[in-house]
Each structure stands twice: as structure tokens, then as C-alpha cells.
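Listing of model-v2.csv; format and content: CSV, C-alpha atoms.
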```
chain,number,residue,atom,x,y,z
A,1135,MET,CA,63.7,91.5,-144.3
A,1136,SER,CA,64.4,89.5,-141.2
A,1137,MET,CA,67.2,87.0,-140.8
A,1138,THR,CA,64.7,84.2,-140.9
A,1139,GLU,CA,63.2,85.5,-144.1
A,1140,THR,CA,66.7,85.9,-145.6
A,1141,ALA,CA,67.6,82.3,-144.7
A,1142,THR,CA,64.3,81.0,-146.2
A,1143,PHE,CA,65.0,83.1,-149.3
A,1144,ASP,CA,68.6,81.7,-149.4
A,1145,GLN,CA,67.4,78.1,-149.0
A,1146,SER,CA,65.0,78.5,-151.9
A,1147,LEU,CA,67.9,79.6,-154.0
A,1148,ALA,CA,70.0,76.7,-152.9
A,1149,GLY,CA,67.2,74.3,-153.6
A,1150,ASN,CA,66.9,75.6,-157.1
A,1151,GLU,CA,70.6,75.0,-157.6
A,1152,GLY,CA,70.4,71.5,-156.1
A,1153,VAL,CA,72.6,72.6,-153.1
A,1154,ARG,CA,71.6,71.8,-149.6
A,1155,GLY,CA,74.6,72.9,-147.7
A,1156,GLY,CA,75.6,76.0,-145.7
A,1157,TRP,CA,76.4,79.5,-146.8
A,1158,THR,CA,78.6,79.9,-149.9
A,1159,ALA,CA,80.5,83.0,-151.0
A,1160,GLU,CA,78.2,83.5,-154.0
A,1161,ARG,CA,75.1,83.3,-151.9
A,1162,ILE,CA,76.5,85.7,-149.2
A,1163,ILE,CA,77.2,88.2,-151.9
A,1164,LEU,CA,73.8,87.8,-153.5
A,1165,ALA,CA,72.1,88.3,-150.1
A,1166,ALA,CA,74.2,91.4,-149.4
A,1167,ILE,CA,73.2,92.9,-152.7
A,1168,PHE,CA,69.6,92.2,-152.1
A,1169,ALA,CA,69.7,93.7,-148.6
A,1170,MET,CA,71.4,96.8,-149.9
A,1171,VAL,CA,68.8,97.4,-152.6
A,1172,LEU,CA,66.0,96.9,-150.1
A,1173,VAL,CA,67.6,99.5,-147.7
A,1174,LEU,CA,68.1,102.0,-150.4
A,1175,SER,CA,64.5,101.6,-151.7
A,1176,LEU,CA,63.2,102.2,-148.2
A,1177,SER,CA,65.4,105.2,-147.6
A,1178,PHE,CA,64.1,106.9,-150.8
A,1179,ALA,CA,60.5,106.2,-149.9
A,1180,ALA,CA,60.8,107.1,-146.2
A,1181,GLY,CA,62.2,110.6,-146.8
A,1182,PRO,CA,59.1,112.0,-148.6
A,1183,VAL,CA,56.7,110.1,-146.4
A,1184,ALA,CA,58.3,111.3,-143.2
A,1185,GLN,CA,58.4,114.9,-144.6
A,1186,ALA,CA,54.8,114.8,-145.6
A,1187,TRP,CA,53.7,113.3,-142.3
A,1188,ALA,CA,55.6,116.0,-140.4
A,1189,ASP,CA,54.0,118.6,-142.6
A,1190,TYR,CA,50.5,117.3,-142.0
A,1191,ARG,CA,51.1,117.0,-138.2
A,1192,GLY,CA,52.7,120.4,-137.9
A,1193,GLY,CA,56.0,118.7,-136.8
A,1194,ALA,CA,59.5,119.9,-136.5
A,1195,LYS,CA,60.3,119.6,-140.2
A,1196,VAL,CA,57.8,122.4,-141.0
A,1197,SER,CA,59.3,125.8,-140.7
A,1198,PRO,CA,58.8,126.8,-137.1
A,1199,THR,CA,58.6,130.5,-137.7
A,1200,THR,CA,57.0,132.7,-140.2
A,1201,LYS,CA,60.3,134.5,-141.0
A,1202,SER,CA,62.0,131.2,-142.0
A,1203,LEU,CA,59.4,130.6,-144.7
A,1204,GLY,CA,60.8,133.4,-146.8
A,1205,ALA,CA,58.6,135.9,-148.6
A,1206,SER,CA,59.4,134.5,-152.1
A,1207,GLU,CA,58.4,131.0,-150.9
A,1208,VAL,CA,55.1,132.2,-149.5
A,1209,ALA,CA,54.4,134.4,-152.6
A,1210,ALA,CA,55.0,131.3,-154.9
A,1211,MET,CA,52.1,129.4,-153.2
A,1212,SER,CA,49.5,130.3,-155.9
A,1213,VAL,CA,47.0,128.1,-157.8
A,1214,ASP,CA,47.1,130.7,-160.6
A,1215,ASP,CA,50.6,129.7,-161.4
A,1216,LYS,CA,50.2,126.5,-163.5
A,1217,ALA,CA,53.8,125.5,-162.6
A,1218,GLN,CA,52.5,125.0,-159.1
A,1219,ILE,CA,49.8,122.5,-160.2
A,1220,VAL,CA,50.8,118.9,-160.0
A,1221,VAL,CA,47.6,117.4,-161.6
A,1222,GLU,CA,44.1,118.5,-162.4
A,1223,GLY,CA,40.6,116.9,-162.8
A,1224,ASP,CA,39.6,113.6,-161.3
A,1225,ALA,CA,43.2,112.7,-160.5
A,1226,ALA,CA,43.5,115.8,-158.5
A,1227,LYS,CA,40.3,115.0,-156.6
A,1228,ALA,CA,41.8,111.6,-155.7
A,1229,GLY,CA,45.1,113.1,-154.7
A,1230,ASN,CA,43.4,115.7,-152.5
A,1231,ALA,CA,41.3,113.1,-150.8
A,1232,ALA,CA,44.4,111.1,-150.0
A,1233,ILE,CA,46.0,113.9,-148.0
A,1234,PRO,CA,44.9,113.5,-144.4
A,1235,LEU,CA,43.5,116.2,-142.2
A,1236,LEU,CA,45.9,118.0,-139.8
A,1237,GLY,CA,44.1,116.6,-136.8
A,1238,LEU,CA,45.0,119.4,-134.4
A,1239,PRO,CA,42.5,121.5,-132.4
A,1240,LEU,CA,41.3,124.6,-134.4
A,1241,GLU,CA,42.6,127.8,-133.0
A,1242,GLN,CA,40.8,131.1,-133.9
A,1243,VAL,CA,42.1,134.4,-135.1
A,1244,LYS,CA,40.8,137.4,-133.3
A,1245,ALA,CA,37.8,139.0,-134.9
A,1246,PHE,CA,38.6,141.7,-137.4
A,1247,GLY,CA,36.1,144.3,-136.3
A,1248,LEU,CA,36.9,147.1,-138.8
A,1249,ASP,CA,35.0,150.3,-137.9
A,1250,ALA,CA,32.0,150.5,-140.2
A,1251,ALA,CA,32.1,154.2,-140.5
A,1252,LYS,CA,31.3,155.0,-144.1
A,1253,ASN,CA,34.6,156.5,-145.0
A,1254,GLU,CA,36.7,155.8,-148.1
A,1255,THR,CA,39.0,153.4,-146.3
A,1256,TYR,CA,36.1,151.2,-145.1
A,1257,LEU,CA,34.3,151.3,-148.5
A,1258,THR,CA,37.4,150.3,-150.3
A,1259,ALA,CA,38.1,147.4,-147.9
A,1260,LEU,CA,34.5,146.4,-148.4
A,1261,LYS,CA,34.8,146.4,-152.2
A,1262,CYS,CA,38.0,144.3,-152.2
A,1263,LEU,CA,36.6,141.7,-149.8
A,1264,THR,CA,33.3,141.6,-151.7
A,1265,GLN,CA,35.3,141.0,-154.9
A,1266,ALA,CA,37.2,138.2,-153.3
A,1267,VAL,CA,34.1,136.5,-152.0
A,1268,TYR,CA,32.2,137.0,-155.3
A,1269,TYR,CA,34.9,136.0,-157.8
A,1270,GLU,CA,36.3,133.2,-155.8
A,1271,ALA,CA,33.2,131.6,-154.3
A,1272,ALA,CA,29.9,133.2,-155.6
A,1273,TYR,CA,28.2,129.9,-156.1
A,1274,GLU,CA,29.8,128.1,-153.2
A,1275,PRO,CA,27.6,127.4,-150.1
A,1276,LEU,CA,27.2,130.2,-147.6
A,1277,LEU,CA,29.7,128.5,-145.3
A,1278,GLY,CA,32.2,128.4,-148.1
A,1279,ARG,CA,31.8,132.1,-148.9
A,1280,ARG,CA,32.3,133.0,-145.3
A,1281,ALA,CA,35.4,130.8,-145.2
A,1282,VAL,CA,37.0,132.6,-148.1
A,1283,ALA,CA,36.4,136.0,-146.4
A,1284,GLN,CA,38.0,134.5,-143.2
A,1285,VAL,CA,41.1,133.5,-145.2
A,1286,VAL,CA,41.5,137.1,-146.5
A,1287,LEU,CA,41.2,138.6,-143.1
A,1288,ASN,CA,43.5,136.0,-141.5
A,1289,ARG,CA,46.2,137.0,-144.0
A,1290,VAL,CA,45.7,140.7,-143.1
A,1291,LYS,CA,46.9,139.8,-139.6
A,1292,HIS,CA,49.7,137.4,-140.6
A,1293,PRO,CA,53.2,138.8,-141.0
A,1294,ALA,CA,53.7,136.8,-144.2
A,1295,TYR,CA,51.2,139.0,-146.0
A,1296,PRO,CA,50.2,142.7,-146.6
A,1297,ASN,CA,48.4,144.2,-143.6
A,1298,SER,CA,45.4,145.6,-145.5
A,1299,VAL,CA,42.4,143.9,-147.1
A,1300,CYS,CA,43.1,145.2,-150.6
A,1301,GLY,CA,46.8,144.5,-150.2
A,1302,VAL,CA,46.0,140.9,-149.5
A,1303,VAL,CA,43.4,140.5,-152.3
A,1304,TYR,CA,45.5,142.2,-155.0
A,1305,GLN,CA,48.9,140.7,-154.0
A,1306,GLY,CA,50.7,139.7,-157.2
A,1307,ALA,CA,48.0,141.2,-159.4
A,1308,GLU,CA,50.8,143.0,-161.4
A,1309,ARG,CA,51.9,139.6,-162.7
A,1310,ARG,CA,50.5,138.0,-165.8
A,1311,THR,CA,50.1,134.8,-163.7
A,1312,GLY,CA,50.9,133.8,-160.2
A,1313,CYS,CA,48.7,136.3,-158.3
A,1314,GLN,CA,47.4,135.1,-154.9
A,1315,PHE,CA,43.7,135.4,-155.9
A,1316,SER,CA,43.3,134.4,-159.6
A,1317,PHE,CA,40.5,136.8,-160.4
A,1318,THR,CA,42.9,139.8,-160.0
A,1319,CYS,CA,45.1,138.7,-162.9
A,1320,ASP,CA,43.2,136.3,-165.2
A,1321,GLY,CA,40.7,138.8,-166.6
A,1322,ALA,CA,37.7,137.9,-164.5
A,1323,LEU,CA,37.4,141.5,-163.4
A,1324,LEU,CA,36.5,142.4,-167.0
A,1325,ARG,CA,33.1,140.7,-166.5
A,1326,GLY,CA,30.5,142.6,-164.6
A,1327,PRO,CA,29.2,140.8,-161.6
A,1328,ALA,CA,25.6,139.4,-161.4
A,1329,ALA,CA,23.5,141.5,-159.2
A,1330,ALA,CA,22.0,139.0,-156.8
A,1331,PRO,CA,25.3,137.0,-156.1
A,1332,TRP,CA,27.1,140.3,-155.6
A,1333,ARG,CA,24.6,141.4,-153.0
A,1334,GLU,CA,25.1,138.1,-151.2
A,1335,ALA,CA,28.9,138.4,-151.4
A,1336,GLU,CA,28.7,141.9,-150.0
A,1337,ALA,CA,26.6,140.7,-147.1
A,1338,VAL,CA,29.3,138.2,-146.2
A,1339,ALA,CA,32.0,140.8,-146.5
A,1340,LEU,CA,30.0,143.3,-144.3
A,1341,ALA,CA,29.6,140.6,-141.6
A,1342,ALA,CA,33.3,139.7,-141.7
A,1343,LEU,CA,34.5,143.3,-141.5
A,1344,GLY,CA,32.0,143.8,-138.7
A,1345,GLY,CA,33.6,141.0,-136.5
A,1346,TYR,CA,32.0,137.8,-137.7
A,1347,THR,CA,34.5,134.9,-137.5
A,1348,GLU,CA,34.1,131.7,-139.5
A,1349,ARG,CA,35.4,129.2,-137.0
A,1350,SER,CA,35.3,126.2,-139.2
A,1351,VAL,CA,38.5,127.2,-140.9
A,1352,GLY,CA,40.4,128.5,-137.9
A,1353,THR,CA,43.8,129.9,-138.8
A,1354,ALA,CA,43.5,129.0,-142.5
A,1355,THR,CA,45.6,131.1,-144.9
A,1356,HIS,CA,45.2,129.0,-148.1
A,1357,TYR,CA,42.6,127.2,-150.1
A,1358,HIS,CA,42.2,125.8,-153.5
A,1359,ALA,CA,39.5,124.0,-155.6
A,1360,ASP,CA,39.4,120.2,-155.3
A,1361,TYR,CA,39.9,119.7,-159.0
A,1362,VAL,CA,43.5,121.0,-158.8
A,1363,LEU,CA,46.4,119.7,-156.7
A,1364,PRO,CA,49.1,122.3,-156.1
A,1365,LYS,CA,52.6,121.4,-154.8
A,1366,TRP,CA,52.2,123.4,-151.6
A,1367,ALA,CA,49.2,121.2,-150.5
A,1368,PHE,CA,51.8,118.8,-149.3
A,1369,THR,CA,53.6,121.4,-147.2
A,1370,LEU,CA,50.7,122.8,-145.3
A,1371,GLY,CA,48.2,121.5,-142.8
A,1372,LYS,CA,44.9,120.4,-144.3
A,1373,ILE,CA,42.0,121.7,-142.2
A,1374,THR,CA,38.8,120.9,-143.9
A,1375,GLN,CA,36.9,121.0,-147.2
A,1376,ILE,CA,33.8,123.2,-147.7
A,1377,GLY,CA,32.0,122.8,-151.0
A,1378,ARG,CA,34.7,122.7,-153.7
A,1379,HIS,CA,37.4,124.4,-151.7
A,1380,ILE,CA,40.0,122.8,-149.4
A,1381,PHE,CA,41.4,124.9,-146.6
A,1382,TYR,CA,45.0,124.9,-145.2
A,1383,ARG,CA,47.1,126.5,-142.5
A,1384,PHE,CA,50.8,127.0,-142.1
A,1385,GLY,CA,52.6,124.2,-140.2
A,1386,GLY,CA,54.3,124.6,-136.8
A,1387,SER,CA,54.0,127.9,-134.9
A,1388,SER,CA,53.4,129.9,-138.1
A,1389,GLY,CA,49.9,128.4,-138.2
A,1390,THR,CA,49.0,129.0,-134.6
A,1391,ALA,CA,46.8,131.9,-133.5
A,1392,ALA,CA,49.7,133.6,-131.8
A,1393,ALA,CA,51.4,134.1,-135.2
A,1394,PHE,CA,48.5,136.4,-136.4
A,1395,SER,CA,49.9,139.5,-134.7
A,1396,ASP,CA,50.2,142.1,-137.4
A,1397,ARG,CA,48.3,145.3,-136.9
A,1398,TYR,CA,45.9,146.5,-139.6
A,1399,ALA,CA,47.4,149.3,-141.7
A,1400,GLY,CA,44.2,151.4,-141.7
A,1401,LEU,CA,44.8,152.4,-145.4
A,1402,GLU,CA,43.2,150.7,-148.4
A,1403,ARG,CA,44.1,151.1,-152.0
A,1404,ILE,CA,43.2,149.2,-155.2
A,1405,PRO,CA,46.2,149.1,-157.5
A,1406,ALA,CA,46.0,150.4,-161.0
A,1407,LEU,CA,45.5,147.4,-163.3
A,1408,ASP,CA,46.6,146.9,-166.9
A,1409,PHE,CA,43.3,146.0,-168.4
A,1410,ALA,CA,44.7,145.4,-171.9
A,1411,ALA,CA,47.0,142.8,-170.4
A,1412,LEU,CA,44.1,141.2,-168.5
A,1413,ARG,CA,42.1,141.0,-171.7
A,1414,ASN,CA,45.0,139.4,-173.6
A,1415,ARG,CA,45.4,136.8,-170.9
A,1416,ALA,CA,41.7,136.1,-170.8
A,1417,LEU,CA,41.6,135.6,-174.6
A,1418,ASP,CA,44.7,133.4,-174.4
A,1419,ASP,CA,42.8,131.3,-171.9
A,1420,GLY,CA,39.7,131.2,-174.0
A,1421,THR,CA,37.6,133.1,-171.5
A,1422,LEU,CA,34.4,134.8,-172.7
A,1423,LEU,CA,34.6,138.6,-172.0
A,1424,ASP,CA,32.0,141.1,-172.9
A,1425,GLY,CA,30.8,139.0,-175.9
A,1426,THR,CA,34.4,138.5,-177.2
A,1427,ILE,CA,35.1,134.8,-177.9
A,1428,ASP,CA,38.3,133.0,-178.7
A,1429,PRO,CA,38.1,132.2,-182.4
A,1430,ALA,CA,39.1,128.6,-181.6
A,1431,LEU,CA,36.0,128.3,-179.5
A,1432,GLN,CA,33.6,130.1,-181.9
A,1433,LEU,CA,30.1,129.0,-181.6
A,1434,VAL,CA,27.7,128.0,-184.4
A,1435,PRO,CA,25.9,131.3,-185.2
A,1436,GLY,CA,23.1,131.7,-182.7
A,1437,LEU,CA,24.0,128.5,-180.8
A,1438,THR,CA,24.5,129.0,-177.0
A,1439,VAL,CA,26.5,125.7,-176.5
A,1440,ALA,CA,30.0,125.3,-177.8
A,1441,PRO,CA,30.4,122.4,-180.3
A,1442,ASP,CA,32.2,119.4,-179.1
A,1443,VAL,CA,34.6,117.1,-181.0
A,1444,THR,CA,32.3,114.2,-180.3
A,1445,ASP,CA,29.4,115.8,-182.2
A,1446,ARG,CA,28.6,113.8,-185.4
A,1447,HIS,CA,26.9,116.3,-187.7
A,1448,ALA,CA,27.6,118.6,-190.6
A,1449,GLU,CA,29.1,122.0,-190.0
A,1450,ALA,CA,25.8,123.8,-190.9
A,1451,ASP,CA,23.8,121.5,-188.5
A,1452,VAL,CA,23.5,122.2,-184.8
A,1453,GLY,CA,23.4,118.4,-184.2
A,1454,GLY,CA,20.3,118.3,-182.0
A,1455,ARG,CA,21.6,121.0,-179.6
A,1456,ILE,CA,18.9,123.4,-178.6
A,1457,ASP,CA,19.5,127.0,-179.7
A,1458,MET,CA,18.3,128.9,-176.6
A,1459,THR,CA,18.3,132.2,-178.5
A,1460,LYS,CA,15.3,131.1,-180.6
A,1461,ALA,CA,11.7,131.1,-179.5
A,1462,TRP,CA,10.8,127.7,-180.6
A,1463,ARG,CA,10.4,124.2,-179.2
A,1464,PRO,CA,11.7,121.1,-180.9
A,1465,SER,CA,8.9,118.8,-182.1
A,1466,ILE,CA,8.3,115.9,-184.4
A,1467,PRO,CA,6.2,116.9,-187.5
A,1468,ASP,CA,3.1,115.0,-188.5
A,1469,PRO,CA,4.1,112.9,-191.5
A,1470,VAL,CA,0.6,112.9,-192.9
A,1471,ALA,CA,0.3,116.7,-192.7
A,1472,THR,CA,3.7,117.2,-194.4
A,1473,GLY,CA,3.5,114.3,-196.9
A,1474,GLY,CA,5.0,115.6,-200.2
A,1475,LYS,CA,2.7,113.6,-202.5
A,1476,LEU,CA,-0.4,114.6,-200.6
A,1477,LYS,CA,0.5,118.3,-201.0
A,1478,GLU,CA,1.3,117.9,-204.7
A,1479,VAL,CA,-2.1,116.2,-205.4
A,1480,LEU,CA,-4.0,118.7,-203.3
A,1481,ALA,CA,-2.3,121.6,-205.0
A,1482,GLN,CA,-3.0,120.2,-208.4
A,1483,THR,CA,-6.6,119.6,-207.5
A,1484,SER,CA,-7.0,123.2,-206.3
A,1485,ALA,CA,-5.4,124.5,-209.5
A,1486,ASP,CA,-8.0,122.5,-211.6
A,1487,ASP,CA,-10.8,124.0,-209.5
A,1488,ALA,CA,-11.8,120.5,-208.6
A,1489,PRO,CA,-13.8,120.2,-205.3
A,1490,VAL,CA,-12.0,118.5,-202.4
A,1491,SER,CA,-14.4,116.5,-200.4
A,1492,ALA,CA,-14.1,115.6,-196.7
A,1493,ASP,CA,-13.3,112.1,-197.9
A,1494,PRO,CA,-10.5,112.4,-200.4
A,1495,PRO,CA,-10.7,110.2,-203.5
A,1496,LYS,CA,-8.9,106.9,-203.4
A,1497,GLN,CA,-6.1,108.1,-205.6
A,1498,ILE,CA,-5.3,110.9,-203.2
A,1499,ALA,CA,-5.2,108.5,-200.2
A,1500,ASP,CA,-3.0,106.2,-202.2
A,1501,ALA,CA,-0.7,109.0,-203.1
A,1502,ALA,CA,-0.4,110.0,-199.5
A,1503,ILE,CA,0.4,106.5,-198.4
A,1504,GLY,CA,3.0,106.3,-201.1
A,1505,GLY,CA,4.6,109.5,-199.9
A,1506,LEU,CA,5.0,107.9,-196.5
A,1507,ASP,CA,6.6,104.8,-197.8
A,1508,LYS,CA,9.3,106.7,-199.8
A,1509,PRO,CA,11.9,108.6,-197.9
A,1510,LYS,CA,12.5,112.2,-198.9
```

Starting from the file, give its structure as C-alpha cells.
Amino acid sequence: MSMTETATFDQSLAGNEGVRGGWTAERIILAAIFAMVLVLSLSFAAGPVAQAWADYRGGAKVSPTTKSLGASEVAAMSVDDKAQIVVEGDAAKAGNAAIPLLGLPLEQVKAFGLDAAKNETYLTALKCLTQAVYYEAAYEPLLGRRAVAQVVLNRVKHPAYPNSVCGVVYQGAERRTGCQFSFTCDGALLRGPAAAPWREAEAVALAALGGYTERSVGTATHYHADYVLPKWAFTLGKITQIGRHIFYRFGGSSGTAAAFSDRYAGLERIPALDFAALRNRALDDGTLLDGTIDPALQLVPGLTVAPDVTDRHAEADVGGRIDMTKAWRPSIPDPVATGGKLKEVLAQTSADDAPVSADPPKQIADAAIGGLDKPK
């Protein structure tokens, strides 16, 4: 508040009190308290804003070297860890949209170019990268699948991460939650991949290992879906959004191309996984695995759509939901053809061996009409 504004504010107080004179001790104290509150409020707001702005712009407040980030701090940046998620759903989408783009020129990491010789190391790397593309982005646009592959290979070359493809993909997979790529610890691997999307994911992985670089994400080392907002989104530089995924790079020199200096290990290994633990977590999350369904989400027998609390029907009724496991189509029956009274009269007439003419007697027609008027 300026001195002029303070004086105006002070005069309004004086007017309310019926005083038109100069400054009094009471008014000076009141103005001082008001100014102090204002300064404190601004200081509390300015800290996070300045920090966030520095993070977005890759400024001095962002750790200037990879080493200063700390391995534990980097490893904690995982969307699989629910403790890292600030908000989900539409609120997350709004929050993500409010984070500005980094606004710096995109630098590029040198192409990977792994020798495509059909040896065990190459085939293992190909499997791990294909898994990452498939389980993380199978139904994302092609550009999005390529971007996910680029993030994996960027990490291979960054000192903050393992220097092998499988090492990057399976980092943290031994944990129940908090792995770097969620599919390695949430039970998704228990579901067999669909053939066509798997072939497409493998084609993306083949190209990436062969030297293809997805330039749209530059030096990105992180991404997450737009329907979650993790804490670390505020500490990294937002590069772009492709499909449902938002991509980020480290701030400062840690996110520049020069930082991606690690040499490829040349050895690949998929760690042994505790599949029982994976199944238990999947069931805890209510995930469908190999036909196993969480009892809390049990479907109506034969129904392929889970019931919803908004459904208004009896337990034995599918409530208008189409059962896709049955070979029939919903239709409205002909009320004349199914009229109860008409059937009864016709059945009685047949039992008495009475001929039924093309033009039914009047009593039969009347019975049929009566059957329509009375609900069953």
C-alpha cells in the first residue's frame, strides 16, 4: 500500500469517527499493524511463487547439478507413489494446465543407436523398452509412444538413473509402490499384452534403439498423465503435453543436453519379480487380472459392465445394461402378439377343437383389447 493509499484509508477511519484532524497515536498504531500484516502476507505468498517461477524458468533456485539433487530425491519422483499425488481428476487437469511451459529452446540428447545385432543383450533391451511403451502408452498417439521411449533412453544416459534400458524401466520394481514406471509394480505385467498394440509398441522401441530421436520432448526425463498432479511437477521444467501425458526436464544444468553424459552399460537384465506380491497389490487396487475380480467389484453374472451406485433396479435385474456375452438384441415386444387374454382364448378355442377363422370372433377381439388395457 502506498503512502497516499494509507492516508486515504486513515482519513476514512477518521471520518467514521467524526475526527478531521491530523495523525493520532491510535491511528498510527492501527496503520502500522495493517502494514505489518500486509507485508507478512506478501512474504508468505512471494516465497512459493518465486520458487515455482525459478523452477519453471530453470533459474538459480533449481539444483544446478545432478549430484546436488540426491539419489533419494530423484527416486521419490514417482506417480505410482500416492503420497506424491497432490490431486487427481478434473482438479488435476486444471492444476496441470495452470503450470506454464518452460519456455527454453529444446536441446536434444544424442541418438541412442544400440547395435541391432540379435544377441541376448539387445533382445532384452528391446523387450524392456517395448514393455514400457506398451504398458505406459499403448493407446496414446504415435508421437506419445515415441516420446515415452525417448524418456527411457534419456534416463539411460543421465547420471541420476541406471545406465541400462532394463535398469531404467525396472527401477524401484522391488517396492510395493513407488516404482518409476507403474506397470512394473502394480500388477499390470500379469495381464498378457494385446497382439496388435504390442507389435506397434515393438516397432517404436526398434526405431528408438536404432537411433530415432523424438525431438518434441528434448531432454525430458519425466512424464505423467494429465489426470494426476504430482508434487514434483512444480520442481521440474514443463516441456509439452502429448495426448494424455505431460513431459518435464530437470531444471538448471541438470536438464541440459550436456548433462546426459553416462555411457551405456552394455548389459541388460530383467530383475526377478515377486508375482504373488504383484497379484496381491493388483487385487487391493481392484484390478482385473486373468479373470480374477475384486469381490467388491463383482459383476452381475454374465454382465460385462460393472454396476454403478446410481443404478435404480433390483439386484436380479441388469437395469437396462446390455449383456455383451449374450447373442441377442434388445427389442420391444408386440403387445398384440403377446397379449395374455388373447393367448388364453386362443388356447381354449384350440382345446375345444373349435375352428379359428382369419377374422376372430368379436369376443376374442374384445378379450385382446381388454388384455391391452389391463397391465400385467

List as a PDB file with C-alpha atoms, in the frame of the given file the protein and nucleic acid residues near Pro1405 in chain A, meaning an atom at most 9 Å away when all atoms listed in the file are counted, but skip any in the same chain fewer than 4 places from it.
```pdb
ATOM      1  CA  CYS A1300      43.100 145.200-150.600  1.00  0.00           C
ATOM      2  CA  GLY A1301      46.800 144.500-150.200  1.00  0.00           C
ATOM      3  CA  TYR A1304      45.500 142.200-155.000  1.00  0.00           C
ATOM      4  CA  ALA A1307      48.000 141.200-159.400  1.00  0.00           C
ATOM      5  CA  GLU A1308      50.800 143.000-161.400  1.00  0.00           C
TER       6      GLU A1308
END
```

Which distance in Å separates CA of Leu1238 in chain A and CA of Thr1390 in chain A, to one decimal? 10.4 Å

Using only C-alpha atoms, which of A:Gln1218, A:Ser1206, A:Thr1264, A:Thr1353 sits nearest Ala1337 in chain A?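 The closest residue to Ala1337 in chain A is A:Thr1264.
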
Given the choices A:Gly1278, A:Gly1223, A:Gly1237, A:Gly1306, which gets closest to Ile1380 in chain A if the distance is worked out from only C-alpha atoms?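 Answer, going by the shortest atom-to-atom distance: A:Gly1278.
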
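Look at everything within 6 Å of (38.6, 141.6, -141.9) using all atoms listed in the file, and the residues you get are Phe1246, Leu1287, Ala1342 and Leu1343 of chain A.
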
Report, in Å with one decimal, the straight-line distance from CA of Glu1274 in chain A to CA of Ser1316 in chain A.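 Taking CA of Glu1274 in chain A as the start and CA of Ser1316 in chain A as the end point, the length is 16.2 Å.
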
Find the spatial neighbours of Tyr1269 in chain A, counting only C-alpha atoms, within a cut-off of 10 Å - ignore same-chain residues fewer than 3 positions away - and output them as a VMD selection string. chain A and resid 1263 to 1266 1272 to 1273 1315 to 1318 1322 to 1323 1327 1331 to 1332 1335

Which one of A:Asp1320, A:Asp1396, A:Asp1419, A:Glu1334 sits closest to Leu1276 in chain A if you count only C-alpha atoms? A:Glu1334

Between CA of Ala1231 in chain A and CA of Gln1305 in chain A, what is the distance in Å, rounded to a tenth?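 Interatomic distance, CA of Ala1231 in chain A to CA of Gln1305 in chain A: 28.8 Å.
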
Tell me, as a list in words, which residues lie within 7 Å of range 1357-1361 of chain A, counting only C-alpha atoms; anything in the same chain fewer than 4 positions away does not count. Val1213, Glu1222, Gly1223, Asp1224, Ala1226, Lys1227, Asn1230, Arg1378, His1379, Ile1380, Phe1381 and Tyr1382 of chain A

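For the set A:Ala1283, A:Ala1228, A:Ile1233, A:Ala1416, the residue with the smallest atom-to-atom gap to Ala1271 in chain A is A:Ala1283, counting all atoms listed in the file.
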
Pick from A:Ile1219, A:Ala1209, A:Leu1240, A:Leu1407 nearest to Arg1310 in chain A, counting only C-alpha atoms: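 Comparing A:Ile1219, A:Ala1209, A:Leu1240, A:Leu1407 against Arg1310 in chain A, the winner is A:Leu1407.
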
Taking (47.8, 125.1, -147.8) in the coordinates of the supplied file, I want to know which residues reach to within 6 Å of it, counting only C-alpha atoms; could you give the answer as a ChimeraX atom specification? /A:1356,1367,1370,1382-1383

So that I can check the surroundings of Asn1253 in chain A, please list as a ChimeraX atom specification every protein, DNA and RNA residue that reaches within 12 Å of it, counting all atoms listed in the file and ignoring chain neighbours fewer than 4 positions away. /A:1248-1249,1257-1260,1400-1402

Store the residues picked out above, limited to C-alpha atoms, as a PDB file, keeping the file's coordinate frame.
```pdb
ATOM      1  CA  LEU A1248      36.900 147.100-138.800  1.00  0.00           C
ATOM      2  CA  ASP A1249      35.000 150.300-137.900  1.00  0.00           C
ATOM      3  CA  LEU A1257      34.300 151.300-148.500  1.00  0.00           C
ATOM      4  CA  THR A1258      37.400 150.300-150.300  1.00  0.00           C
ATOM      5  CA  ALA A1259      38.100 147.400-147.900  1.00  0.00           C
ATOM      6  CA  LEU A1260      34.500 146.400-148.400  1.00  0.00           C
ATOM      7  CA  GLY A1400      44.200 151.400-141.700  1.00  0.00           C
ATOM      8  CA  LEU A1401      44.800 152.400-145.400  1.00  0.00           C
ATOM      9  CA  GLU A1402      43.200 150.700-148.400  1.00  0.00           C
TER      10      GLU A1402
END
```

Selected residue, from A:Glu1241, A:Asp1408, A:Glu1270, A:Glu1336, that lies nearest to Ser1350 in chain A when counting all atoms listed in the file: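 Once distances to Ser1350 in chain A are computed over all atoms listed in the file, the minimum belongs to A:Glu1241.
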